[in-house]
$ cat target02.txt   # compact mmCIF, N, CA and C atoms
# COMPACT_ATOMS: atom_id res chain seq x y z
N MET A 76 -18.25 -137.22 -70.69
CA MET A 76 -18.89 -136.05 -70.13
C MET A 76 -17.90 -135.31 -69.25
N ASP A 77 -18.00 -134.02 -69.23
CA ASP A 77 -17.11 -133.19 -68.44
C ASP A 77 -17.34 -133.44 -66.96
N SER A 78 -16.29 -133.71 -66.23
CA SER A 78 -16.44 -133.91 -64.80
C SER A 78 -16.52 -132.57 -64.07
N ASP A 79 -16.29 -131.47 -64.77
CA ASP A 79 -16.35 -130.15 -64.15
C ASP A 79 -17.77 -129.62 -64.05
N ASP A 80 -18.73 -130.25 -64.74
CA ASP A 80 -20.11 -129.78 -64.69
C ASP A 80 -20.72 -130.04 -63.32
N PRO A 81 -21.41 -129.04 -62.77
CA PRO A 81 -22.11 -129.27 -61.51
C PRO A 81 -23.22 -130.31 -61.68
N LEU A 82 -23.63 -130.87 -60.59
CA LEU A 82 -24.63 -131.93 -60.61
C LEU A 82 -25.94 -131.48 -61.24
N ILE A 83 -26.34 -130.24 -61.04
CA ILE A 83 -27.63 -129.76 -61.54
C ILE A 83 -27.67 -129.81 -63.06
N PHE A 84 -26.55 -129.54 -63.74
CA PHE A 84 -26.52 -129.60 -65.20
C PHE A 84 -26.59 -131.04 -65.69
N ARG A 85 -25.99 -131.94 -64.95
CA ARG A 85 -26.07 -133.36 -65.31
C ARG A 85 -27.49 -133.88 -65.14
N VAL A 86 -28.16 -133.43 -64.11
CA VAL A 86 -29.55 -133.84 -63.90
C VAL A 86 -30.42 -133.30 -65.03
N GLY A 87 -30.15 -132.08 -65.47
CA GLY A 87 -30.87 -131.51 -66.59
C GLY A 87 -30.69 -132.33 -67.85
N MET A 88 -29.47 -132.79 -68.11
CA MET A 88 -29.22 -133.63 -69.28
C MET A 88 -29.94 -134.96 -69.14
N PHE A 89 -30.01 -135.48 -67.94
CA PHE A 89 -30.74 -136.73 -67.69
C PHE A 89 -32.21 -136.56 -68.06
N PHE A 90 -32.81 -135.43 -67.69
CA PHE A 90 -34.20 -135.19 -68.04
C PHE A 90 -34.39 -135.02 -69.54
N TYR A 91 -33.40 -134.41 -70.20
CA TYR A 91 -33.45 -134.33 -71.67
C TYR A 91 -33.49 -135.72 -72.28
N VAL A 92 -32.65 -136.61 -71.79
CA VAL A 92 -32.59 -137.97 -72.33
C VAL A 92 -33.91 -138.70 -72.06
N LEU A 93 -34.44 -138.55 -70.87
CA LEU A 93 -35.73 -139.19 -70.56
C LEU A 93 -36.84 -138.63 -71.46
N GLY A 94 -36.84 -137.32 -71.67
CA GLY A 94 -37.82 -136.71 -72.55
C GLY A 94 -37.69 -137.19 -73.98
N GLY A 95 -36.47 -137.33 -74.44
CA GLY A 95 -36.24 -137.86 -75.79
C GLY A 95 -36.73 -139.29 -75.93
N GLY A 96 -36.49 -140.10 -74.91
CA GLY A 96 -36.98 -141.47 -74.93
C GLY A 96 -38.50 -141.54 -74.93
N ALA A 97 -39.14 -140.70 -74.15
CA ALA A 97 -40.60 -140.67 -74.13
C ALA A 97 -41.15 -140.20 -75.47
N PHE A 98 -40.45 -139.25 -76.12
CA PHE A 98 -40.90 -138.79 -77.44
C PHE A 98 -40.77 -139.90 -78.47
N ILE A 99 -39.70 -140.67 -78.39
CA ILE A 99 -39.54 -141.81 -79.31
C ILE A 99 -40.65 -142.83 -79.09
N LEU A 100 -41.03 -143.06 -77.83
CA LEU A 100 -42.15 -143.96 -77.55
C LEU A 100 -43.44 -143.41 -78.14
N PHE A 101 -43.65 -142.10 -78.07
CA PHE A 101 -44.84 -141.50 -78.66
C PHE A 101 -44.86 -141.69 -80.17
N VAL A 102 -43.73 -141.43 -80.82
CA VAL A 102 -43.67 -141.59 -82.27
C VAL A 102 -43.91 -143.05 -82.65
N THR A 103 -43.34 -143.97 -81.90
CA THR A 103 -43.54 -145.39 -82.17
C THR A 103 -45.01 -145.77 -82.01
N SER A 104 -45.65 -145.27 -80.98
CA SER A 104 -47.07 -145.58 -80.79
C SER A 104 -47.92 -144.96 -81.89
N ASP A 105 -47.52 -143.81 -82.39
CA ASP A 105 -48.25 -143.17 -83.49
C ASP A 105 -48.07 -143.97 -84.78
N LEU A 106 -46.87 -144.48 -85.01
CA LEU A 106 -46.65 -145.30 -86.20
C LEU A 106 -47.45 -146.60 -86.15
N ALA A 107 -47.70 -147.09 -84.94
CA ALA A 107 -48.50 -148.30 -84.77
C ALA A 107 -49.99 -147.99 -84.81
N GLU A 108 -50.33 -146.73 -85.12
CA GLU A 108 -51.71 -146.26 -85.22
C GLU A 108 -52.50 -146.45 -83.93
N GLN A 109 -51.80 -146.35 -82.82
CA GLN A 109 -52.43 -146.37 -81.50
C GLN A 109 -51.76 -145.26 -80.67
N ALA A 110 -51.88 -144.04 -81.15
CA ALA A 110 -51.18 -142.91 -80.53
C ALA A 110 -51.54 -142.77 -79.06
N ASP A 111 -50.51 -142.75 -78.24
CA ASP A 111 -50.67 -142.58 -76.80
C ASP A 111 -50.08 -141.21 -76.45
N PHE A 112 -50.96 -140.22 -76.28
CA PHE A 112 -50.50 -138.85 -76.06
C PHE A 112 -49.90 -138.64 -74.68
N ASP A 113 -50.04 -139.60 -73.81
CA ASP A 113 -49.38 -139.49 -72.50
C ASP A 113 -47.87 -139.41 -72.68
N PHE A 114 -47.34 -140.18 -73.64
CA PHE A 114 -45.89 -140.14 -73.90
C PHE A 114 -45.47 -138.76 -74.39
N LEU A 115 -46.29 -138.13 -75.21
CA LEU A 115 -45.96 -136.79 -75.70
C LEU A 115 -45.94 -135.79 -74.55
N PHE A 116 -46.94 -135.84 -73.69
CA PHE A 116 -46.98 -134.90 -72.57
C PHE A 116 -45.84 -135.14 -71.58
N ILE A 117 -45.51 -136.40 -71.36
CA ILE A 117 -44.38 -136.72 -70.49
C ILE A 117 -43.08 -136.21 -71.10
N ALA A 118 -42.94 -136.39 -72.43
CA ALA A 118 -41.74 -135.91 -73.11
C ALA A 118 -41.61 -134.39 -72.98
N LEU A 119 -42.70 -133.67 -73.20
CA LEU A 119 -42.65 -132.22 -73.07
C LEU A 119 -42.32 -131.79 -71.65
N LEU A 120 -42.91 -132.47 -70.68
CA LEU A 120 -42.63 -132.15 -69.28
C LEU A 120 -41.17 -132.40 -68.93
N MET A 121 -40.64 -133.55 -69.33
CA MET A 121 -39.25 -133.88 -69.02
C MET A 121 -38.28 -132.92 -69.73
N MET A 122 -38.57 -132.60 -70.98
CA MET A 122 -37.70 -131.66 -71.70
C MET A 122 -37.75 -130.28 -71.05
N GLY A 123 -38.91 -129.86 -70.59
CA GLY A 123 -39.04 -128.57 -69.91
C GLY A 123 -38.25 -128.54 -68.61
N ILE A 124 -38.33 -129.61 -67.84
CA ILE A 124 -37.57 -129.69 -66.59
C ILE A 124 -36.07 -129.68 -66.89
N GLY A 125 -35.67 -130.45 -67.90
CA GLY A 125 -34.26 -130.48 -68.29
C GLY A 125 -33.77 -129.12 -68.74
N TRP A 126 -34.61 -128.40 -69.49
CA TRP A 126 -34.22 -127.06 -69.94
C TRP A 126 -34.05 -126.12 -68.75
N MET A 127 -34.95 -126.24 -67.77
CA MET A 127 -34.85 -125.37 -66.59
C MET A 127 -33.54 -125.61 -65.84
N PHE A 128 -33.12 -126.86 -65.76
CA PHE A 128 -31.87 -127.16 -65.05
C PHE A 128 -30.64 -126.77 -65.87
N ARG A 129 -30.71 -126.88 -67.18
CA ARG A 129 -29.53 -126.63 -68.02
C ARG A 129 -29.41 -125.20 -68.50
N ARG A 130 -30.42 -124.37 -68.34
CA ARG A 130 -30.38 -123.03 -68.94
C ARG A 130 -29.30 -122.13 -68.35
N GLY A 131 -28.84 -122.39 -67.15
CA GLY A 131 -27.83 -121.55 -66.53
C GLY A 131 -26.41 -121.90 -66.94
N LYS A 132 -26.23 -122.96 -67.72
CA LYS A 132 -24.89 -123.38 -68.12
C LYS A 132 -24.34 -122.41 -69.16
N ALA A 133 -23.13 -121.97 -68.95
CA ALA A 133 -22.49 -121.05 -69.89
C ALA A 133 -22.11 -121.81 -71.16
N PRO A 134 -22.18 -121.15 -72.31
CA PRO A 134 -21.79 -121.84 -73.55
C PRO A 134 -20.30 -122.15 -73.54
N PRO A 135 -19.89 -123.18 -74.23
CA PRO A 135 -18.46 -123.52 -74.25
C PRO A 135 -17.66 -122.45 -74.98
N PRO A 136 -16.39 -122.31 -74.63
CA PRO A 136 -15.57 -121.30 -75.31
C PRO A 136 -15.37 -121.65 -76.78
N SER A 137 -15.13 -120.65 -77.57
CA SER A 137 -14.94 -120.85 -79.00
C SER A 137 -13.68 -121.67 -79.25
N ALA A 138 -13.78 -122.60 -80.20
CA ALA A 138 -12.64 -123.43 -80.54
C ALA A 138 -11.70 -122.72 -81.50
N GLY A 139 -12.16 -121.65 -82.12
CA GLY A 139 -11.31 -120.88 -83.02
C GLY A 139 -11.14 -121.51 -84.39
N ARG A 140 -12.03 -122.43 -84.75
CA ARG A 140 -11.91 -123.11 -86.04
C ARG A 140 -12.10 -122.15 -87.21
N PHE A 141 -12.99 -121.18 -87.05
CA PHE A 141 -13.30 -120.28 -88.14
C PHE A 141 -12.78 -118.87 -87.89
N SER A 142 -11.76 -118.74 -87.09
CA SER A 142 -11.26 -117.42 -86.76
C SER A 142 -10.70 -116.71 -87.99
N TRP A 143 -10.05 -117.44 -88.88
CA TRP A 143 -9.51 -116.83 -90.09
C TRP A 143 -10.64 -116.31 -90.97
N VAL A 144 -11.71 -117.11 -91.12
CA VAL A 144 -12.85 -116.70 -91.94
C VAL A 144 -13.51 -115.46 -91.34
N ASN A 145 -13.70 -115.45 -90.03
CA ASN A 145 -14.31 -114.30 -89.37
C ASN A 145 -13.44 -113.06 -89.51
N LYS A 146 -12.13 -113.23 -89.41
CA LYS A 146 -11.22 -112.10 -89.56
C LYS A 146 -11.31 -111.52 -90.97
N GLN A 147 -11.35 -112.38 -91.98
CA GLN A 147 -11.47 -111.92 -93.36
C GLN A 147 -12.80 -111.20 -93.58
N ARG A 148 -13.86 -111.72 -92.99
CA ARG A 148 -15.18 -111.10 -93.14
C ARG A 148 -15.20 -109.71 -92.52
N GLU A 149 -14.59 -109.56 -91.33
CA GLU A 149 -14.54 -108.24 -90.68
C GLU A 149 -13.72 -107.26 -91.49
N GLU A 150 -12.60 -107.72 -92.05
CA GLU A 150 -11.77 -106.84 -92.88
C GLU A 150 -12.54 -106.39 -94.12
N ARG A 151 -13.30 -107.29 -94.72
CA ARG A 151 -14.08 -106.95 -95.90
C ARG A 151 -15.18 -105.94 -95.55
N LYS A 152 -15.80 -106.09 -94.39
CA LYS A 152 -16.83 -105.13 -93.96
C LYS A 152 -16.22 -103.75 -93.77
N LYS A 153 -15.05 -103.69 -93.12
CA LYS A 153 -14.39 -102.40 -92.90
C LYS A 153 -14.02 -101.76 -94.23
N LYS A 154 -13.54 -102.56 -95.15
CA LYS A 154 -13.15 -102.05 -96.46
C LYS A 154 -14.37 -101.51 -97.21
N ASN A 155 -15.49 -102.25 -97.14
CA ASN A 155 -16.72 -101.81 -97.81
C ASN A 155 -17.30 -100.55 -97.17
N GLN A 156 -17.21 -100.44 -95.85
CA GLN A 156 -17.70 -99.24 -95.17
C GLN A 156 -16.86 -98.03 -95.56
N GLY A 157 -15.57 -98.23 -95.73
CA GLY A 157 -14.70 -97.14 -96.14
C GLY A 157 -15.04 -96.64 -97.53
N LYS A 158 -15.47 -97.53 -98.40
CA LYS A 158 -15.85 -97.14 -99.75
C LYS A 158 -17.20 -96.45 -99.77
N GLN A 159 -18.12 -96.84 -98.90
CA GLN A 159 -19.48 -96.29 -98.91
C GLN A 159 -19.56 -94.93 -98.22
N ASP A 160 -18.73 -94.65 -97.25
CA ASP A 160 -18.82 -93.39 -96.51
C ASP A 160 -18.64 -92.15 -97.38
N PRO A 161 -17.66 -92.09 -98.29
CA PRO A 161 -17.53 -90.87 -99.13
C PRO A 161 -18.73 -90.67 -100.04
N LYS A 162 -19.40 -91.71 -100.44
CA LYS A 162 -20.55 -91.57 -101.33
C LYS A 162 -21.74 -90.92 -100.62
N LYS A 163 -21.82 -91.05 -99.31
CA LYS A 163 -22.93 -90.48 -98.55
C LYS A 163 -22.84 -88.95 -98.49
N LYS A 164 -21.67 -88.38 -98.60
CA LYS A 164 -21.47 -86.92 -98.47
C LYS A 164 -21.95 -86.17 -99.65
$ encode --input "target02.txt" --output "structure tokens"
Amino acid sequence: MDSDDPLIFRVGMFFYVLGGGAFILFVTSDLAEQADFDFLFIALLMMGIGWMFRRGKAPPPSAGRFSWVNKQREERKKKNQGKQDPKKK
């Protein structure tokens, strides 16, 4: 985990993990045909709290893996727009 993340974002991730665990407990109880909806409500609550804490985190910077593909796509769009403009006149 990034040590540069402020504590509030780490707490948000902790609530996500707790919510995921509670959801797994709900699914397990449902598979056992003794559905305990308390686990579902706890999971939703924990995920909501986690989302509130994590929503302010900026997205990570682009890794540039698909920069060539994006560049080719933009060039193709420009080329197609150049062909379509004279037809509109």
$ residues_around --input "target02.txt" --residues "A:Leu119" --least-positions-apart "2" --cutoff "8 Å" --atoms "all atoms listed in the file" --output "list in words"
Leu93, Gly94, Gly95, Ala97, Phe98, Asp113, Phe114, Leu115, Phe116, Ile117, Met121, Met122, Gly123, Ile124 and Gly125 of chain A
$ select_by_dssp --input "target02.txt" --residues "chain A" --states "alpha helix (DSSP H)" --output "ChimeraX atom specification"
/A:82-106,112-129,142-163
$ atom_distance --input "target02.txt" --atom1 "atom N of A:Gly87" --atom2 "atom N of A:Ile99"
18.2 Å
$ atom_distance --input "target02.txt" --atom1 "atom N of A:Gly131" --atom2 "atom C of A:Phe84"
9.1 Å
$ atom_distance --input "target02.txt" --atom1 "atom C of A:Asp111" --atom2 "atom C of A:Val92"
16.9 Å
$ residues_around --input "target02.txt" --residues "A:Phe112" --least-positions-apart "5" --cutoff "10 Å" --atoms "only C-alpha atoms" --output "ChimeraX atom specification"
/A:98,100-102,104-105,117-118
$ write_last_selection --input "target02.txt" --atoms "N, CA and C atoms" --output "compact mmCIF listing (two decimals), in the frame of the given file"
# COMPACT_ATOMS: atom_id res chain seq x y z
N PHE A 98 -40.45 -139.25 -76.12
CA PHE A 98 -40.90 -138.79 -77.44
C PHE A 98 -40.77 -139.90 -78.47
N LEU A 100 -41.03 -143.06 -77.83
CA LEU A 100 -42.15 -143.96 -77.55
C LEU A 100 -43.44 -143.41 -78.14
N PHE A 101 -43.65 -142.10 -78.07
CA PHE A 101 -44.84 -141.50 -78.66
C PHE A 101 -44.86 -141.69 -80.17
N VAL A 102 -43.73 -141.43 -80.82
CA VAL A 102 -43.67 -141.59 -82.27
C VAL A 102 -43.91 -143.05 -82.65
N SER A 104 -45.65 -145.27 -80.98
CA SER A 104 -47.07 -145.58 -80.79
C SER A 104 -47.92 -144.96 -81.89
N ASP A 105 -47.52 -143.81 -82.39
CA ASP A 105 -48.25 -143.17 -83.49
C ASP A 105 -48.07 -143.97 -84.78
N ILE A 117 -45.51 -136.40 -71.36
CA ILE A 117 -44.38 -136.72 -70.49
C ILE A 117 -43.08 -136.21 -71.10
N ALA A 118 -42.94 -136.39 -72.43
CA ALA A 118 -41.74 -135.91 -73.11
C ALA A 118 -41.61 -134.39 -72.98
